[in-house]
file entry.cif (mmCIF, C-alpha atoms)
data_coords
loop_
_atom_site.label_atom_id
_atom_site.label_comp_id
_atom_site.auth_asym_id
_atom_site.auth_seq_id
_atom_site.Cartn_x
_atom_site.Cartn_y
_atom_site.Cartn_z
CA MET A 1350 43.84 222.09 95.70
CA SER A 1351 46.12 221.94 92.68
CA ALA A 1352 48.11 224.82 94.16
CA TYR A 1353 49.16 222.54 96.98
CA LYS A 1354 50.57 219.85 94.70
CA PRO A 1355 53.86 221.60 93.97
CA CYS A 1356 54.21 222.33 97.71
CA ALA A 1357 53.66 218.65 98.50
CA LEU A 1358 56.24 217.74 95.87
CA VAL A 1359 58.71 220.16 97.42
CA VAL A 1360 58.08 218.70 100.87
CA VAL A 1361 58.63 215.15 99.56
CA LEU A 1362 61.78 216.15 97.68
CA PHE A 1363 63.08 218.06 100.67
CA GLY A 1364 62.47 215.02 102.86
CA LEU A 1365 64.31 212.82 100.40
CA LEU A 1366 67.13 215.32 100.18
CA VAL A 1367 67.51 215.52 103.96
CA GLY A 1368 67.41 211.72 104.22
CA CYS A 1369 69.87 211.40 101.40
CA GLY A 1370 72.11 214.03 102.95
CA ARG A 1371 72.23 211.94 106.12
CA ASP A 1372 73.04 208.77 104.12
CA GLY A 1373 75.68 210.73 102.26
CA ALA A 1374 77.19 211.86 105.56
CA VAL A 1375 77.26 208.27 106.86
CA ALA A 1376 78.85 207.09 103.61
CA ARG A 1377 81.45 209.84 103.83
CA ASN A 1378 82.22 208.94 107.48
CA GLU A 1379 82.57 205.27 106.57
CA GLU A 1380 84.79 206.18 103.67
CA ALA A 1381 86.92 208.44 105.86
CA MET A 1382 87.19 205.58 108.39
CA LEU A 1383 88.30 203.18 105.67
CA VAL A 1384 90.92 205.64 104.49
CA MET A 1385 92.23 206.02 108.06
CA LEU A 1386 92.37 202.25 108.60
CA GLY A 1387 94.09 201.86 105.23
CA GLU A 1388 96.59 204.54 106.19
CA ALA A 1389 97.35 202.70 109.45
CA ARG A 1390 97.83 199.45 107.52
CA VAL A 1391 100.26 201.07 105.09
CA LEU A 1392 102.20 202.67 107.96
CA HIS A 1393 102.49 199.28 109.69
CA LYS A 1394 103.74 197.73 106.46
CA ARG A 1395 106.29 200.51 106.13
CA ALA A 1396 107.34 199.85 109.73
CA ASP A 1397 107.74 196.12 108.82
CA LEU A 1398 110.11 197.08 106.04
CA HIS A 1399 112.09 199.41 108.30
CA VAL A 1400 112.37 196.67 110.93
CA MET A 1401 113.71 194.30 108.28
CA ASP A 1402 116.21 196.93 107.21
CA GLY A 1403 117.27 197.16 110.86
CA ASN A 1404 116.06 200.74 111.05
CA THR A 1405 114.15 200.64 114.34
CA GLU A 1406 114.06 204.44 114.67
CA ALA A 1407 112.24 204.77 111.34
CA ALA A 1408 109.83 201.98 112.33
CA ILE A 1409 109.14 203.82 115.59
CA ALA A 1410 108.39 206.98 113.60
CA ASP A 1411 105.97 205.01 111.37
CA VAL A 1412 104.06 203.62 114.35
CA ARG A 1413 103.98 207.07 115.95
CA GLU A 1414 102.30 208.27 112.74
CA VAL A 1415 99.61 205.62 113.27
CA LEU A 1416 99.06 207.02 116.76
CA ALA A 1417 98.65 210.50 115.25
CA ILE A 1418 95.66 209.40 113.15
CA ARG A 1419 92.55 211.10 114.51
CA PHE A 1420 89.87 208.44 114.42
CA PRO A 1421 86.30 209.56 115.11
CA ALA A 1422 85.48 209.54 118.83
CA GLY A 1423 83.76 206.34 119.93
CA SER A 1424 84.98 204.32 116.96
CA GLY A 1425 85.71 200.78 118.18
CA ASP A 1426 87.90 199.93 115.19
CA GLY A 1427 89.76 203.20 115.66
CA GLU A 1428 90.44 202.38 119.31
CA ASP A 1429 91.59 198.86 118.40
CA THR A 1430 93.99 200.28 115.81
CA LEU A 1431 95.44 202.74 118.31
CA LEU A 1432 95.85 200.14 121.07
CA ASP A 1433 97.54 197.82 118.58
CA ALA A 1434 99.91 200.67 117.67
CA HIS A 1435 100.65 201.39 121.36
CA ALA A 1436 101.54 197.71 121.87
CA ARG A 1437 103.75 197.62 118.78
CA LEU A 1438 105.47 200.88 119.68
CA ALA A 1439 106.20 199.54 123.18
CA ARG A 1440 107.83 196.44 121.63
CA LEU A 1441 109.93 198.61 119.33
CA LEU A 1442 110.96 200.88 122.20
CA LEU A 1443 112.05 197.81 124.14
CA GLN A 1444 114.34 196.60 121.36
CA PRO A 1445 117.55 198.40 122.40
CA ARG A 1446 117.12 196.64 125.80
CA GLY A 1447 118.23 198.09 129.11
CA GLU A 1448 116.54 199.97 131.92
CA GLU A 1449 115.78 203.07 129.85
CA ALA A 1450 114.20 201.00 127.05
CA GLU A 1451 112.04 199.16 129.60
CA ARG A 1452 110.95 202.45 131.16
CA LYS A 1453 109.96 203.88 127.77
CA ALA A 1454 108.10 200.72 126.79
CA LEU A 1455 106.15 200.63 130.06
CA ALA A 1456 105.30 204.34 129.71
CA GLN A 1457 103.97 203.68 126.21
CA LEU A 1458 101.85 200.80 127.49
CA GLU A 1459 100.47 203.04 130.22
CA LEU A 1460 99.37 205.52 127.54
CA GLY A 1461 97.64 202.66 125.77
CA ARG A 1462 95.84 201.60 128.95
CA LYS A 1463 94.60 205.16 129.39
CA ALA A 1464 93.33 205.22 125.80
CA ALA A 1465 91.32 202.01 126.27
CA THR A 1466 87.64 202.63 126.97
CA ARG A 1467 86.58 198.95 127.07
CA ASP A 1468 87.96 195.44 127.44
CA SER A 1469 89.17 194.14 124.11
CA PHE A 1470 91.61 191.69 122.61
CA PHE A 1471 93.89 194.68 122.06
CA SER A 1472 93.79 195.94 125.65
CA ALA A 1473 94.75 192.37 126.69
CA GLN A 1474 97.59 192.58 124.19
CA LEU A 1475 98.94 195.64 126.06
CA GLU A 1476 99.26 193.49 129.20
CA SER A 1477 100.94 190.74 127.20
CA VAL A 1478 103.57 193.21 125.99
CA ALA A 1479 103.97 194.48 129.57
CA ALA A 1480 104.82 190.88 130.51
CA GLU A 1481 107.44 190.86 127.73
CA VAL A 1482 109.00 193.98 129.23
CA TYR A 1483 109.20 192.34 132.69
CA GLU A 1484 110.64 189.18 131.17
CA ALA A 1485 113.30 191.30 129.44
CA ARG A 1486 114.02 192.92 132.81
CA ALA A 1487 114.38 189.49 134.43
CA LEU A 1488 116.94 188.52 131.79
CA ARG A 1489 118.87 191.77 132.24
CA LEU A 1490 119.09 191.62 136.04
CA VAL A 1491 121.69 189.47 137.76
CA ASP A 1492 120.34 189.43 141.30
CA PRO A 1493 118.21 186.22 141.64
CA TRP A 1494 115.71 187.91 143.97
CA ALA A 1495 115.23 190.84 141.55
CA GLN A 1496 114.89 188.39 138.64
CA LYS A 1497 112.19 186.55 140.54
CA GLU A 1498 110.33 189.79 141.28
CA ALA A 1499 110.43 190.79 137.60
CA ARG A 1500 109.04 187.38 136.62
CA LYS A 1501 106.28 187.73 139.21
CA GLU A 1502 105.40 191.09 137.59
CA ALA A 1503 105.25 189.28 134.23
CA VAL A 1504 102.92 186.62 135.68
CA ALA A 1505 100.69 189.36 137.10
CA ALA A 1506 100.55 191.14 133.72
CA LEU A 1507 99.65 187.89 131.95
CA GLY A 1508 97.00 187.26 134.59
CA ARG A 1509 95.49 190.67 133.76
CA ALA A 1510 95.57 189.78 130.05
CA ILE A 1511 93.65 186.58 130.78
CA GLN A 1512 91.07 188.45 132.87
CA ILE A 1513 90.50 190.95 130.05
CA ASP A 1514 90.20 188.20 127.43
CA ARG A 1515 87.81 186.28 129.68
CA GLN A 1516 85.60 189.39 129.76
CA VAL A 1517 85.88 189.67 125.96
CA LEU A 1518 84.78 186.02 125.72
CA ARG A 1519 81.77 186.70 127.96
CA THR A 1520 80.76 189.63 125.75
CA LEU A 1521 81.12 187.54 122.60
CA LEU A 1522 79.15 184.66 124.12
CA SER A 1523 76.32 186.92 125.31
CA ALA A 1524 76.17 188.50 121.84
CA GLN A 1525 75.91 185.00 120.39
CA ASP A 1526 73.10 184.09 122.80
CA VAL A 1527 71.17 187.21 121.83
CA GLY A 1528 71.72 186.35 118.16
CA GLU A 1529 70.41 182.82 118.65
CA GLU A 1530 67.31 184.04 120.54
CA HIS A 1531 66.29 186.31 117.64
CA MET B 39 76.84 228.09 87.93
CA PHE B 40 76.77 228.53 84.16
CA GLY B 41 73.14 228.62 83.03
CA LEU B 42 71.82 226.66 85.93
CA PHE B 43 69.20 229.28 86.74
CA PRO B 44 67.42 231.16 83.94
CA LYS B 45 68.36 234.77 83.41
CA ARG B 46 64.62 235.60 83.33
CA GLN B 47 64.60 235.39 87.11
CA THR B 48 66.27 238.79 87.21
CA ALA B 49 63.98 240.24 84.54
CA THR B 50 61.35 242.96 84.74
CA LYS B 51 58.48 243.14 87.21
CA SER B 52 55.95 242.06 84.53
CA GLY B 53 57.84 238.88 83.82
CA LEU B 54 58.32 237.99 87.47
CA SER B 55 55.26 235.77 87.90
CA VAL B 56 56.27 233.68 84.89
CA SER B 57 59.90 233.55 85.91
CA SER B 58 59.06 232.65 89.54
CA LYS B 59 56.91 229.70 88.37
CA THR B 60 59.63 228.62 85.99
CA GLY B 61 62.22 229.10 88.69
CA PHE B 62 60.13 227.00 91.05
CA TRP B 63 60.03 224.06 88.63
CA VAL B 64 63.70 224.49 87.76
CA GLY B 65 64.37 224.34 91.50
CA CYS B 66 62.31 221.16 91.81
CA VAL B 67 64.21 219.58 88.92
CA ALA B 68 67.52 220.66 90.50
CA ILE B 69 66.53 219.14 93.85
CA ALA B 70 65.31 215.95 92.15
CA SER B 71 68.52 215.60 90.17
CA THR B 72 70.51 216.19 93.36
CA VAL B 73 68.51 213.45 95.07
CA VAL B 74 69.05 211.03 92.18
CA GLY B 75 72.72 211.89 91.92
CA CYS B 76 73.14 211.59 95.65
CA ALA B 77 71.40 208.22 95.77
CA THR B 78 73.62 206.72 93.11
CA ARG B 79 76.99 207.93 94.33
CA PRO B 80 78.09 209.32 97.73
CA MET B 81 79.86 212.67 97.58
CA VAL B 82 83.59 212.26 97.89
CA SER B 83 85.71 215.20 98.87
CA PRO B 84 88.92 215.97 96.99
CA GLU B 85 90.88 215.29 100.20
CA VAL B 86 89.52 211.73 100.35
CA ASN B 87 90.37 211.20 96.69
CA ALA B 88 93.87 212.56 97.28
CA ALA B 89 94.32 210.30 100.32
CA ARG B 90 93.08 207.36 98.28
CA SER B 91 95.56 208.05 95.47
CA GLU B 92 98.38 208.45 97.97
CA LEU B 93 97.37 205.19 99.60
CA ALA B 94 97.28 203.38 96.25
CA ARG B 95 100.71 204.78 95.42
CA LEU B 96 102.14 203.68 98.77
CA GLU B 97 100.51 200.25 98.45
CA SER B 98 101.97 199.69 94.99
CA ASN B 99 105.40 200.78 96.24
CA LEU B 100 105.09 198.39 99.16
CA VAL B 101 103.92 195.51 96.98
CA SER B 102 106.87 195.96 94.64
CA ARG B 103 109.30 196.12 97.58
CA ARG B 104 107.57 193.22 99.32
CA SER B 105 108.08 190.99 96.27
CA GLN B 106 111.83 191.56 96.55
CA LEU B 107 111.89 190.42 100.18
CA PRO B 108 112.12 186.91 101.62
CA ASN B 109 108.97 185.18 102.93
CA VAL B 110 109.82 186.13 106.50
CA ALA B 111 108.28 189.52 105.69
CA GLN B 112 104.83 187.96 105.92
CA ALA B 113 105.47 186.26 109.28
CA PRO B 114 104.13 187.80 112.48
CA SER B 115 106.71 189.41 114.74
CA SER B 116 106.00 187.00 117.59
CA VAL B 117 103.87 184.01 118.48
CA ASP B 118 101.44 186.36 120.20
CA ALA B 119 101.26 188.80 117.32
CA VAL B 120 97.93 190.55 117.04
CA PRO B 121 95.54 188.64 114.80
CA ALA B 122 93.03 190.32 112.54
CA ILE B 123 90.26 190.52 115.12
CA SER B 124 88.44 193.71 115.86
CA GLN B 125 85.14 194.84 117.34
CA SER B 126 83.37 195.10 113.99
CA ALA B 127 84.87 191.84 112.75
CA THR B 128 83.56 189.87 115.71
CA GLN B 129 80.11 191.39 116.01
CA THR B 130 78.80 191.02 112.49
CA THR B 131 77.90 187.38 111.84
CA PRO B 132 77.67 184.27 114.06
CA ALA B 133 80.63 182.77 112.18
CA ALA B 134 82.71 185.89 112.80
CA ARG B 135 81.73 185.84 116.49
CA CYS B 136 82.76 182.19 116.66
CA ASP B 137 86.11 183.09 115.10
CA GLY B 138 86.45 185.83 117.71
CA ILE B 139 85.72 183.36 120.52
CA CYS B 140 88.30 180.87 119.23
CA VAL B 141 90.99 183.49 118.61
CA THR B 142 90.43 184.85 122.13
CA ALA B 143 90.57 181.31 123.54
CA GLN B 144 93.83 180.74 121.70
CA ALA B 145 95.23 183.95 123.19
CA ILE B 146 94.19 182.86 126.71
CA CYS B 147 95.95 179.52 126.22
CA GLY B 148 99.05 181.32 124.97
CA TYR B 149 99.10 183.51 128.08
CA SER B 150 98.51 180.43 130.21
CA ARG B 151 101.55 178.64 128.72
CA ARG B 152 103.71 181.69 129.36
CA ILE B 153 102.50 181.90 132.98
CA CYS B 154 103.37 178.25 133.55
CA THR B 155 106.86 178.67 132.02
CA LEU B 156 107.47 181.64 134.33
CA ALA B 157 106.03 179.74 137.30
CA GLN B 158 108.61 176.99 136.74
CA GLN B 159 111.39 179.61 136.84
CA ILE B 160 109.97 181.35 139.92
CA ALA B 161 109.31 178.02 141.64
CA ASP B 162 107.07 179.13 144.49
CA GLU B 163 103.57 178.20 145.63
CA PRO B 164 101.66 181.35 144.48
CA SER B 165 103.16 181.07 141.00
CA GLN B 166 102.22 177.39 140.76
CA ARG B 167 98.68 178.39 141.74
CA SER B 168 98.66 181.08 139.03
CA CYS B 169 99.72 178.41 136.53
CA LYS B 170 96.93 176.06 137.61
CA ASN B 171 94.31 178.87 137.41
CA ALA B 172 95.56 179.92 133.99
CA GLU B 173 95.38 176.32 132.73
CA ARG B 174 91.80 176.12 133.95
CA GLU B 175 90.97 179.37 132.10
CA CYS B 176 92.55 177.92 128.98
CA GLN B 177 90.48 174.75 129.28
CA ASP B 178 87.23 176.70 129.77
CA ALA B 179 87.96 178.99 126.84
CA SER B 180 88.85 176.02 124.61
CA ASN B 181 85.57 174.33 125.53
CA GLN B 182 83.67 177.47 124.64
CA CYS B 183 85.43 177.57 121.28
CA ALA B 184 84.67 173.89 120.66
CA SER B 185 80.98 174.26 121.55
CA CYS B 186 80.70 177.31 119.29
CA ARG B 187 81.83 175.36 116.19
#
call {"tool": "encode", "arguments": {"input": "entry.cif", "output": "structure tokens"}}
result
Amino acid sequence: MSAYKPCALVVVLFGLLVGCGRDGAVARNEEAMLVMLGEARVLHKRADLHVMDGNTEAAIADVREVLAIRFPAGSGDGEDTLLDAHARLARLLLQPRGEEAERKALAQLELGRKAATRDSFFSAQLESVAAEVYEARALRLVDPWAQKEARKEAVAALGRAIQIDRQVLRTLLSAQDVGEEH
Amino acid sequence: MFGLFPKRQTATKSGLSVSSKTGFWVGCVAIASTVVGCATRPMVSPEVNAARSELARLESNLVSRRSQLPNVAQAPSSVDAVPAISQSATQTTPAARCDGICVTAQAICGYSRRICTLAQQIADEPSQRSCKNAERECQDASNQCASCR
């Protein structure tokens, strides 16, 4: 019987070690996530400074660096960060104004839409920026009919933003109801 | 690596039974110390430490530069600038969820105001209808925020 005691001890220690290894892996993943989010924050701050210096190109490069961060697949915060960066990059690309700037901004927003896997405040934000692009187009155009069409596009984009946010609200409210039930 | 396992483990055949028992207990102690060490502090790779140092360096650079800038540096780029609301932030506590609901309601009302401004410029029936619908959405969302508080 006593011969089995060390074996039992080994089994217990092994179990603890495996469990601990899993906890360690979770802790490392969380830490890696925090580092990535921190990196994105610093890059946005650097972009702020470049914008204030009037260096839009450098700010664009900073935000592109945010988009290059490889967040773990399925990470909600990672997706939010990337969508936020897509929206900001689209705004920066729009800054020079003109048809080409609008085209680039809309293309960037389209990339953001493709990256979105769920309705979120940040996917609504993409539509809000799309409306900004159409409003910029309306200001650029001189033909009243074309201006009107661009503004209608802006209204449609804002309508989409509201629909997304309404869905976000529903999700938040249902989560609250579940929380209150328990 | 240095002296972790006793040299007796590689000794003669006659000493093997003793050394294997000793080795077994040394192994147990090693595992136990790993467990204890692991429980107290998660393993951090050198890359993470390097990234953390780099981040701290960048942050301190930014803070020093930020202090030299006017207050406008802290202001959001637009009235609809992205607030600090994310999936994890809104799904943790009831208070955080409530904040999420109110921030989202605020965003809906902001979009609604923009739709109505555009509708005035477009000045046609469908746009006026969009404005009315958006105002209703804003009202509903505001009520949900108010009832959450």
call {"tool": "residues_around", "arguments": {"input": "entry.cif", "residues": "Ile1513 of chain A", "least_positions_apart": "3", "cutoff": "8 Å", "atoms": "only C-alpha atoms", "output": "list in words"}}
result
Asp1468, Ser1469, Phe1470, Ser1472, Ala1473, Arg1509, Ala1510, Gln1516 and Val1517 of chain A
call {"tool": "residues_near_point", "arguments": {"input": "entry.cif", "point": "(90.4, 204.7, 123.2)", "cutoff": "12 Å", "atoms": "all atoms listed in the file", "output": "count of residues only"}}
result
30
call {"tool": "interface_residues", "arguments": {"input": "entry.cif", "of": "chain A", "to": "chain B", "cutoff": "6 Å", "atoms": "only C-alpha atoms", "output": "short mmCIF file (atom, residue, chain, number, x, y, z; two decimals) with C-alpha atoms, in the coordinates of the input"}}
result
data_model
loop_
_atom_site.label_atom_id
_atom_site.label_comp_id
_atom_site.auth_asym_id
_atom_site.auth_seq_id
_atom_site.Cartn_x
_atom_site.Cartn_y
_atom_site.Cartn_z
CA LEU A 1366 67.13 215.32 100.18
CA GLY A 1373 75.68 210.73 102.26
CA LYS A 1497 112.19 186.55 140.54
CA VAL A 1504 102.92 186.62 135.68
CA LEU A 1507 99.65 187.89 131.95
CA ILE A 1511 93.65 186.58 130.78
CA LEU A 1518 84.78 186.02 125.72
#
call {"tool": "closest_residue", "arguments": {"input": "entry.cif", "among": "A:Ala1376, A:Ala1487, A:Arg1395, A:Leu1522", "to": "Ala1407 of chain A", "atoms": "all atoms listed in the file"}}
result
A:Arg1395
call {"tool": "atom_distance", "arguments": {"input": "entry.cif", "atom1": "atom CA of Asp1411 of chain A", "atom2": "atom CA of Ala1450 of chain A"}}
result
18.2 Å
call {"tool": "resolve_selection", "arguments": {"input": "entry.cif", "expression": "the PyMOL selection byres ((chain A and resi 1408) around 12)", "output": "ChimeraX atom specification"}}
result
/A:1392-1407,1409-1415,1434,1437-1442,1444
call {"tool": "atom_distance", "arguments": {"input": "entry.cif", "atom1": "atom CA of Glu1448 of chain A", "atom2": "atom CA of Ala1506 of chain A"}}
result
18.4 Å
call {"tool": "atom_distance", "arguments": {"input": "entry.cif", "atom1": "atom CA of Val1391 of chain A", "atom2": "atom CA of Leu1475 of chain A"}}
result
21.7 Å
call {"tool": "decode", "arguments": {"input": "entry.cif", "residues": "segment 172-183 of chain B", "atoms": "all heavy atoms", "output": "tab-separated table (two decimals), in the first residue's frame"}}
result
chain	number	residue	atom	x	y	z
B	172	ALA	N	-35.40	58.46	-37.17
B	172	ALA	CA	-34.16	58.56	-36.38
B	172	ALA	C	-34.44	59.22	-35.03
B	172	ALA	O	-33.91	58.80	-34.01
B	172	ALA	CB	-33.11	59.35	-37.16
B	173	GLU	N	-35.31	60.24	-35.04
B	173	GLU	CA	-35.66	60.91	-33.78
B	173	GLU	C	-36.38	59.94	-32.84
B	173	GLU	O	-36.15	59.97	-31.63
B	173	GLU	CB	-36.54	62.13	-34.07
B	173	GLU	CG	-35.73	63.33	-34.52
B	173	GLU	CD	-36.57	64.54	-34.87
B	173	GLU	OE1	-37.76	64.37	-35.22
B	173	GLU	OE2	-36.03	65.66	-34.80
B	174	ARG	N	-37.21	59.08	-33.43
B	174	ARG	CA	-37.92	58.10	-32.60
B	174	ARG	C	-36.92	57.09	-31.99
B	174	ARG	O	-37.02	56.74	-30.82
B	174	ARG	CB	-38.95	57.37	-33.46
B	174	ARG	CG	-40.05	56.73	-32.62
B	174	ARG	CD	-41.23	56.26	-33.44
B	174	ARG	NE	-40.84	55.47	-34.59
B	174	ARG	CZ	-41.12	55.79	-35.85
B	174	ARG	NH1	-41.79	56.88	-36.14
B	174	ARG	NH2	-40.74	55.00	-36.84
B	175	GLU	N	-35.94	56.69	-32.81
B	175	GLU	CA	-34.89	55.77	-32.30
B	175	GLU	C	-34.14	56.42	-31.15
B	175	GLU	O	-33.82	55.77	-30.15
B	175	GLU	CB	-33.89	55.42	-33.43
B	175	GLU	CG	-34.47	54.65	-34.59
B	175	GLU	CD	-34.66	53.17	-34.28
B	175	GLU	OE1	-34.37	52.75	-33.14
B	175	GLU	OE2	-35.13	52.45	-35.18
B	176	CYS	N	-33.85	57.71	-31.32
B	176	CYS	CA	-33.12	58.46	-30.29
B	176	CYS	C	-33.93	58.48	-29.00
B	176	CYS	O	-33.40	58.24	-27.91
B	176	CYS	CB	-32.83	59.87	-30.79
B	176	CYS	SG	-32.27	61.00	-29.50
B	177	GLN	N	-35.23	58.75	-29.13
B	177	GLN	CA	-36.10	58.82	-27.96
B	177	GLN	C	-36.15	57.46	-27.24
B	177	GLN	O	-36.00	57.40	-26.01
B	177	GLN	CB	-37.51	59.25	-28.40
B	177	GLN	CG	-38.43	59.61	-27.25
B	177	GLN	CD	-37.85	60.73	-26.38
B	177	GLN	OE1	-37.55	61.81	-26.86
B	177	GLN	NE2	-37.68	60.45	-25.10
B	178	ASP	N	-36.31	56.39	-28.01
B	178	ASP	CA	-36.37	55.04	-27.42
B	178	ASP	C	-35.07	54.72	-26.68
B	178	ASP	O	-35.09	54.22	-25.55
B	178	ASP	CB	-36.58	53.97	-28.51
B	178	ASP	CG	-37.99	54.02	-29.08
B	178	ASP	OD1	-38.83	54.72	-28.49
B	178	ASP	OD2	-38.23	53.36	-30.12
B	179	ALA	N	-33.96	55.01	-27.36
B	179	ALA	CA	-32.65	54.70	-26.76
B	179	ALA	C	-32.43	55.52	-25.49
B	179	ALA	O	-31.92	55.00	-24.49
B	179	ALA	CB	-31.55	54.97	-27.77
B	180	SER	N	-32.85	56.79	-25.52
B	180	SER	CA	-32.70	57.65	-24.33
B	180	SER	C	-33.53	57.12	-23.18
B	180	SER	O	-33.08	57.13	-22.03
B	180	SER	CB	-33.12	59.08	-24.65
B	180	SER	OG	-32.32	59.60	-25.68
B	181	ASN	N	-34.74	56.63	-23.50
B	181	ASN	CA	-35.59	56.06	-22.44
B	181	ASN	C	-34.93	54.82	-21.83
B	181	ASN	O	-34.99	54.62	-20.62
B	181	ASN	CB	-36.97	55.67	-23.02
B	181	ASN	CG	-37.79	56.90	-23.38
B	181	ASN	OD1	-37.49	58.02	-22.94
B	181	ASN	ND2	-38.81	56.71	-24.21
B	182	GLN	N	-34.34	54.01	-22.70
B	182	GLN	CA	-33.67	52.81	-22.18
B	182	GLN	C	-32.51	53.17	-21.27
B	182	GLN	O	-32.27	52.52	-20.25
B	182	GLN	CB	-33.20	51.93	-23.34
B	182	GLN	CG	-34.35	51.10	-23.90
B	182	GLN	CD	-34.10	50.58	-25.29
B	182	GLN	OE1	-33.19	51.03	-25.98
B	182	GLN	NE2	-34.93	49.64	-25.71
B	183	CYS	N	-31.79	54.22	-21.64
B	183	CYS	CA	-30.68	54.70	-20.80
B	183	CYS	C	-31.23	55.18	-19.46
B	183	CYS	O	-30.71	54.83	-18.40
B	183	CYS	CB	-29.93	55.82	-21.52
B	183	CYS	SG	-28.80	56.74	-20.46
